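Report on the structure given below.
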Amino acid sequence: MRHYRLRFAFVFMAILSVILIYEFYAQPLGNHLNNGGLGTSSNDLKQKAYEAEANLNASLRSPVENSNFAAMGNRIAAFARLSGVLVQGSSLDRKPLVNSLSYQFPWWKLNAARYTPWSPSPTAETGLVMCVGSKNFLLAAHLVRTLRNVLNSSLPIEIAYAGDNDLPASRQADLKELDSNIETVNLLDYFDDNSAGLQTGGYAMKPFAALASRFRKVILVDADVLFLRRPDELFDEYPDLQDTGTLFWHDRAYVHAGDFSRRDWVRKMLNGRQPSALLSQSIFWQEDLWQEMDSGVVCFDKSKSTAFMGLVFATWMNTKEIREGIVYKAVLGDKETYWLAHELASFPYGYVTSSYAGVLGSVDPSATTAPSNRTICSVQILHVDGKRNLFWFNGSLRKNKSNKESKDFGTFSHWIEGTNIWQTMPKWRFGGDNSWCAEGEVKSGTDIEPIITAMISEAEAVDTLFPDT
């Protein structure tokens, strides 16, 4: 009789556990990760942490092939669930999560991490992060000087690099002399380069830099980016950024004739999962665009567990084995990994949906089309903000940054904006010599003229400071 009572008790507890786990995981992920989404009692939090930990452990026991991004997305979601519980209770044990992350991502030196959602200790709330080496040192210096002296931005800046061979100590000192609120961060102190491959990574360094940053709110920028207005209030301006902890910008809306379908590759990565509403309704998905995202500026609020673990997922995609064996065979550099990581983990993410990218430069004088619908060929990609105001561009102030024999600056008198409607989108073609040509409604105005003039003046001063660079 005692044997049957024990069996009954065991079955009862098993059924109860299944019910509790179902009630927890059947709800949308955001319900558990937003402040106030969990019960406030200590016992309630402990129970939810126990359930989330059990789910994570079950996920870790199932082998996942590197090529199975959908399964890895499920595992990342399990990490986010546990993190989302832990941020609600300071007394909850962090060790199971930290140990599991170290097991899954052995290249990440978690004991050196300067910010995690479950153990936040930022010395600054919001800051700019950029990867800088000897090759893009001058462009980074242009950005620093224009931020400070033209736009009066006061955001602290982190300069990330991969060892002294990447950015020598003398160059680090030169950057710090440009402004007092600059910190240099050696990524090799935070990641094992045998797996990360940062010293040969190029663009792959960027998600690592965001992950290693001490900032809670990260504005990750390329060194060749220039802002046309202050980015300091960016996190206060976008509801999607506040809700999801992410903000991305679209790339050019261009269909590459004869190129393999990146949409089909993403569909393969989804492995039978339906795309989110944001993806399925995008022009990228509907028209099978060549590229979806421009990663010149990427925003993360790392206090949100989904945004943080989405960044971790994107960082994993940019480790040496994964990027060389899978990702970079299908997409160009890091740019698609940020939104793709969130898509595969079923995390919410935000885009500036007002427009795809445009172009900034001068009108092609050989164009024969109507004056209101002419062509601009340029290396500069232009982006607007949520209100369609000109916000930032990449490609630097140089006429062609790839021409190492010339330091000539470009002419930025006209622009063509992208739209969010395929039928009204600029018509793109590759112009050669790293430039792209867009045909569409050309605009000009006096609003940006003084800003561009002042930025070029600052860049000229930087060039004078470092004439041999």
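Here's how to read the names in the structure tokens: chain A, B, ... by the order shown, residue numbers from 1 in each chain, ligand numbers from 1 in the order shown.
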
Kindly assemble as a Markdown table a list of the range 383-453 of chain A residues that lie within 10 Å of range 253-257 of chain A, each paired with its nearest atom pair and their distance in Å to one decimal, using only C-alpha atoms, sorted first by chain and then by ascending residue number.
| residue | atom | partner | partner_atom | distance |
| --- | --- | --- | --- | --- |
| A:Gly418 | CA | A:Ala253 | CA | 8.0 |
| A:Thr419 | CA | A:Ala253 | CA | 9.0 |
| A:Asn420 | CA | A:Ala253 | CA | 9.2 |
| A:Ile421 | CA | A:Ala253 | CA | 9.9 |
| A:Trp422 | CA | A:Ala253 | CA | 8.0 |
| A:Met425 | CA | A:Ala253 | CA | 7.2 |
| A:Pro426 | CA | A:Ala253 | CA | 7.9 |
| A:Lys427 | CA | A:Tyr254 | CA | 7.7 |
| A:Trp428 | CA | A:Tyr254 | CA | 6.1 |
| A:Arg429 | CA | A:Tyr254 | CA | 8.0 |
| A:Phe430 | CA | A:His256 | CA | 9.8 |

Would you save the residues from that selection as a PDB file, in the first residue's frame, using N, CA, C and O atoms?
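out21.pdb was written with the following content:
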ATOM      1  N   GLY A 418      15.197  57.394 -48.909  1.00  0.00           N
ATOM      2  CA  GLY A 418      14.449  56.169 -49.116  1.00  0.00           C
ATOM      3  C   GLY A 418      13.020  56.342 -48.638  1.00  0.00           C
ATOM      4  O   GLY A 418      12.662  57.367 -48.051  1.00  0.00           O
ATOM      5  N   THR A 419      12.181  55.365 -48.898  1.00  0.00           N
ATOM      6  CA  THR A 419      10.807  55.385 -48.408  1.00  0.00           C
ATOM      7  C   THR A 419      10.522  54.042 -47.749  1.00  0.00           C
ATOM      8  O   THR A 419      11.396  53.179 -47.662  1.00  0.00           O
ATOM      9  N   ASN A 420       9.300  53.864 -47.305  1.00  0.00           N
ATOM     10  CA  ASN A 420       8.894  52.560 -46.787  1.00  0.00           C
ATOM     11  C   ASN A 420       7.833  51.920 -47.666  1.00  0.00           C
ATOM     12  O   ASN A 420       7.094  51.033 -47.234  1.00  0.00           O
ATOM     13  N   ILE A 421       7.765  52.384 -48.928  1.00  0.00           N
ATOM     14  CA  ILE A 421       6.829  51.833 -49.913  1.00  0.00           C
ATOM     15  C   ILE A 421       7.633  51.432 -51.136  1.00  0.00           C
ATOM     16  O   ILE A 421       8.358  52.259 -51.715  1.00  0.00           O
ATOM     17  N   TRP A 422       7.522  50.177 -51.540  1.00  0.00           N
ATOM     18  CA  TRP A 422       8.351  49.662 -52.625  1.00  0.00           C
ATOM     19  C   TRP A 422       8.171  50.454 -53.919  1.00  0.00           C
ATOM     20  O   TRP A 422       9.136  50.745 -54.630  1.00  0.00           O
ATOM     21  N   MET A 425      10.244  53.676 -53.975  1.00  0.00           N
ATOM     22  CA  MET A 425      11.625  53.552 -53.531  1.00  0.00           C
ATOM     23  C   MET A 425      12.584  54.053 -54.620  1.00  0.00           C
ATOM     24  O   MET A 425      12.308  53.902 -55.811  1.00  0.00           O
ATOM     25  N   PRO A 426      13.724  54.668 -54.236  1.00  0.00           N
ATOM     26  CA  PRO A 426      14.731  55.000 -55.249  1.00  0.00           C
ATOM     27  C   PRO A 426      15.168  53.758 -56.004  1.00  0.00           C
ATOM     28  O   PRO A 426      15.179  52.651 -55.462  1.00  0.00           O
ATOM     29  N   LYS A 427      15.535  53.942 -57.256  1.00  0.00           N
ATOM     30  CA  LYS A 427      16.027  52.838 -58.088  1.00  0.00           C
ATOM     31  C   LYS A 427      17.547  52.801 -57.968  1.00  0.00           C
ATOM     32  O   LYS A 427      18.237  53.759 -58.326  1.00  0.00           O
ATOM     33  N   TRP A 428      18.067  51.686 -57.466  1.00  0.00           N
ATOM     34  CA  TRP A 428      19.484  51.577 -57.150  1.00  0.00           C
ATOM     35  C   TRP A 428      20.235  50.778 -58.218  1.00  0.00           C
ATOM     36  O   TRP A 428      19.698  49.852 -58.815  1.00  0.00           O
ATOM     37  N   ARG A 429      21.504  51.156 -58.407  1.00  0.00           N
ATOM     38  CA  ARG A 429      22.435  50.360 -59.200  1.00  0.00           C
ATOM     39  C   ARG A 429      23.841  50.610 -58.673  1.00  0.00           C
ATOM     40  O   ARG A 429      24.120  51.679 -58.084  1.00  0.00           O
ATOM     41  N   PHE A 430      24.702  49.649 -58.848  1.00  0.00           N
ATOM     42  CA  PHE A 430      26.091  49.798 -58.420  1.00  0.00           C
ATOM     43  C   PHE A 430      26.817  50.697 -59.405  1.00  0.00           C
ATOM     44  O   PHE A 430      26.768  50.483 -60.619  1.00  0.00           O
TER      45      PHE A 430
END

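Neighbouring residues of range 192-207 of chain A at 6 Å or closer, counting only C-alpha atoms and skipping chain neighbours under 3 positions away, are Trp107, Ala162, Ala210, Thr315, Asn318, Thr319, Lys320 and Asp334 of chain A.
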
Between range 58-121 of chain A and range 217-235 of chain A, at 12 Å or less, what are the per-residue closest atom pairs and their distances in Å? Count only C-alpha atoms, order by chain and rising residue number, and return it as a Markdown table.
| residue | atom | partner | partner_atom | distance |
| --- | --- | --- | --- | --- |
| A:Tyr115 | CA | A:Lys217 | CA | 10.4 |
| A:Thr116 | CA | A:Lys217 | CA | 11.5 |
| A:Pro117 | CA | A:Lys217 | CA | 11.3 |
| A:Pro120 | CA | A:Lys217 | CA | 11.6 |

Save out the residues we just selected, all heavy atoms, as a PDB file, in the first residue's frame.
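Saved the output as out32.pdb:
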ATOM      1  N   TYR A 115      28.959  44.553 -17.618  1.00  0.00           N
ATOM      2  CA  TYR A 115      27.534  44.789 -17.473  1.00  0.00           C
ATOM      3  C   TYR A 115      26.761  43.549 -17.899  1.00  0.00           C
ATOM      4  O   TYR A 115      26.979  43.011 -18.987  1.00  0.00           O
ATOM      5  CB  TYR A 115      27.044  45.973 -18.317  1.00  0.00           C
ATOM      6  CG  TYR A 115      25.577  46.251 -18.088  1.00  0.00           C
ATOM      7  CD1 TYR A 115      25.183  47.154 -17.117  1.00  0.00           C
ATOM      8  CD2 TYR A 115      24.586  45.544 -18.773  1.00  0.00           C
ATOM      9  CE1 TYR A 115      23.841  47.372 -16.855  1.00  0.00           C
ATOM     10  CE2 TYR A 115      23.250  45.746 -18.515  1.00  0.00           C
ATOM     11  CZ  TYR A 115      22.884  46.658 -17.556  1.00  0.00           C
ATOM     12  OH  TYR A 115      21.557  46.857 -17.278  1.00  0.00           O
ATOM     13  N   THR A 116      25.844  43.110 -17.058  1.00  0.00           N
ATOM     14  CA  THR A 116      24.846  42.103 -17.397  1.00  0.00           C
ATOM     15  C   THR A 116      23.536  42.541 -16.752  1.00  0.00           C
ATOM     16  O   THR A 116      23.539  43.249 -15.743  1.00  0.00           O
ATOM     17  CB  THR A 116      25.218  40.701 -16.875  1.00  0.00           C
ATOM     18  OG1 THR A 116      25.307  40.740 -15.429  1.00  0.00           O
ATOM     19  CG2 THR A 116      26.547  40.227 -17.459  1.00  0.00           C
ATOM     20  N   PRO A 117      22.388  42.147 -17.302  1.00  0.00           N
ATOM     21  CA  PRO A 117      21.114  42.580 -16.716  1.00  0.00           C
ATOM     22  C   PRO A 117      20.922  42.101 -15.283  1.00  0.00           C
ATOM     23  O   PRO A 117      20.269  42.775 -14.478  1.00  0.00           O
ATOM     24  CB  PRO A 117      20.065  41.953 -17.651  1.00  0.00           C
ATOM     25  CG  PRO A 117      20.783  41.651 -18.910  1.00  0.00           C
ATOM     26  CD  PRO A 117      22.195  41.357 -18.532  1.00  0.00           C
ATOM     27  N   PRO A 120      23.800  44.426 -12.800  1.00  0.00           N
ATOM     28  CA  PRO A 120      24.119  45.707 -13.440  1.00  0.00           C
ATOM     29  C   PRO A 120      24.999  46.591 -12.552  1.00  0.00           C
ATOM     30  O   PRO A 120      24.747  46.755 -11.375  1.00  0.00           O
ATOM     31  CB  PRO A 120      22.748  46.341 -13.652  1.00  0.00           C
ATOM     32  CG  PRO A 120      21.897  45.777 -12.562  1.00  0.00           C
ATOM     33  CD  PRO A 120      22.403  44.374 -12.335  1.00  0.00           C
TER      34      PRO A 120
END

Item to check | Every residue of range 159-385 of chain A that DSSP places in alpha helix (DSSP H), as an MDAnalysis selection string | outcome: chainID A and resid 169:178 193:196 205:212 234:237 239:244 262:270 277:280 283:287 305:317 320:325 337:344

Checklist entry - Looking at only C-alpha atoms, which of A:Val85, A:Leu60, A:Cys377, A:Cys437 is the one that sits closest to Ser102 in chain A? => result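 Smallest separation from Ser102 in chain A among the options: A:Leu60.
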
Checklist entry - So which residues touch Lys302 in chain A within 12 Å, counting only C-alpha atoms, skipping near sequence neighbours fewer than 6 positions away, as a ChimeraX atom specification? => result /A:80,83-84,87,114-122,125-126,210-219,241-242,244-246,308-312

Selected residues written out, C-alpha atoms, as a PDB file, in the first residue's frame:
ATOM      1  CA  ALA A  80      16.538  35.048 -21.535  1.00  0.00           C
ATOM      2  CA  SER A  83      17.681  36.161 -16.852  1.00  0.00           C
ATOM      3  CA  GLY A  84      14.269  37.822 -16.901  1.00  0.00           C
ATOM      4  CA  VAL A  87      16.520  40.688 -12.673  1.00  0.00           C
ATOM      5  CA  ARG A 114      31.282  44.813 -16.945  1.00  0.00           C
ATOM      6  CA  TYR A 115      27.534  44.789 -17.473  1.00  0.00           C
ATOM      7  CA  THR A 116      24.846  42.103 -17.397  1.00  0.00           C
ATOM      8  CA  PRO A 117      21.114  42.580 -16.716  1.00  0.00           C
ATOM      9  CA  TRP A 118      21.249  40.347 -13.643  1.00  0.00           C
ATOM     10  CA  SER A 119      24.267  42.130 -12.173  1.00  0.00           C
ATOM     11  CA  PRO A 120      24.119  45.707 -13.440  1.00  0.00           C
ATOM     12  CA  SER A 121      26.888  48.080 -12.419  1.00  0.00           C
ATOM     13  CA  PRO A 122      27.268  50.634 -15.198  1.00  0.00           C
ATOM     14  CA  GLU A 125      24.001  55.052 -18.433  1.00  0.00           C
ATOM     15  CA  THR A 126      24.334  55.663 -22.186  1.00  0.00           C
ATOM     16  CA  ALA A 210      28.721  46.131 -27.493  1.00  0.00           C
ATOM     17  CA  LEU A 211      28.679  43.077 -25.231  1.00  0.00           C
ATOM     18  CA  ALA A 212      31.888  44.126 -23.440  1.00  0.00           C
ATOM     19  CA  SER A 213      30.758  47.717 -22.962  1.00  0.00           C
ATOM     20  CA  ARG A 214      30.150  49.087 -19.495  1.00  0.00           C
ATOM     21  CA  PHE A 215      27.146  51.042 -20.786  1.00  0.00           C
ATOM     22  CA  ARG A 216      23.616  49.897 -20.112  1.00  0.00           C
ATOM     23  CA  LYS A 217      22.387  51.692 -23.221  1.00  0.00           C
ATOM     24  CA  VAL A 218      24.759  51.194 -26.134  1.00  0.00           C
ATOM     25  CA  ILE A 219      24.862  53.143 -29.388  1.00  0.00           C
ATOM     26  CA  LEU A 241      13.562  51.134 -28.546  1.00  0.00           C
ATOM     27  CA  GLN A 242      12.049  51.645 -25.110  1.00  0.00           C
ATOM     28  CA  THR A 244      12.156  46.118 -27.118  1.00  0.00           C
ATOM     29  CA  GLY A 245      15.577  47.431 -26.103  1.00  0.00           C
ATOM     30  CA  THR A 246      16.681  47.479 -29.760  1.00  0.00           C
ATOM     31  CA  PHE A 308      20.894  41.390 -24.069  1.00  0.00           C
ATOM     32  CA  MET A 309      20.556  37.728 -25.016  1.00  0.00           C
ATOM     33  CA  GLY A 310      19.789  38.719 -28.603  1.00  0.00           C
ATOM     34  CA  LEU A 311      23.121  40.550 -28.573  1.00  0.00           C
ATOM     35  CA  VAL A 312      24.812  37.452 -27.146  1.00  0.00           C
TER      36      VAL A 312
END

Next on the checklist: List as a VMD selection string the protein and nucleic acid residues near Lys443 in chain A, meaning an atom at most 9 Å away when only C-alpha atoms are counted, but skip any in the same chain fewer than 4 places from it.
Outcome noted: chain A and resid 372 413 to 417

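Distance-wise, CA of Arg61 in chain A and CA of Trp316 in chain A end up 19.1 Å apart.
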
Checklist entry - If you count only C-alpha atoms, which residues fall within 12 Å of Lys401 in chain A, apart from same-chain ones fewer than 4 positions away, as a PyMOL selection string? => result chain A and resi 135-136+138-139+223-225+378-380+394-397+405-410+433-435

Next on the checklist: Going by DSSP on the backbone, which residues of range 218-395 of chain A come out as strand (DSSP E)? List them as a count of residues only.
Outcome noted: 39

Next on the checklist: To one decimal place in Å, what is the distance between CA of Ala52 in chain A and CA of Leu82 in chain A?
Outcome noted: 5.0 Å

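With only C-alpha atoms as the atoms that count, the minimum distance from Asp294 in chain A to the choices A:Ala357, A:Ala314, A:Ala141, A:Leu270 is reached by A:Ala357.
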
Checklist entry - Could you name the residues that touch Ala71 in chain A at 10 Å or less, counting only C-alpha atoms, but leaving out those on the same chain fewer than 2 positions away, as a list in words? => result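 Residues near the query, excluding close chain neighbours: Ser59, Ser62, Pro63, Val64, Glu65, Asn66, Ser67, Asn68, Phe69, Gly73, Asn74, Arg75, Ile76, Ala77, Met269, Leu270, Asn271, Leu344 and Ala345 of chain A.
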
Might you pull out every residue within 8 Å of Arg145 in chain A, with only C-alpha atoms counted and same-chain residues fewer than 4 positions away left off, and present them as a CSV table (one decimal) with C-alpha atoms, in the first residue's frame?
chain,number,residue,atom,x,y,z
A,141,ALA,CA,38.9,60.9,-35.0
A,149,ASN,CA,32.8,70.4,-31.6
A,150,VAL,CA,29.9,70.5,-34.1
A,178,LEU,CA,41.0,64.5,-28.7
A,458,GLU,CA,36.9,69.6,-38.1
A,459,ALA,CA,38.0,66.7,-40.3
A,462,VAL,CA,42.3,66.2,-37.7

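With CA of Met293 in chain A on one side and CA of Thr353 in chain A on the other, the separation reads 11.6 Å.
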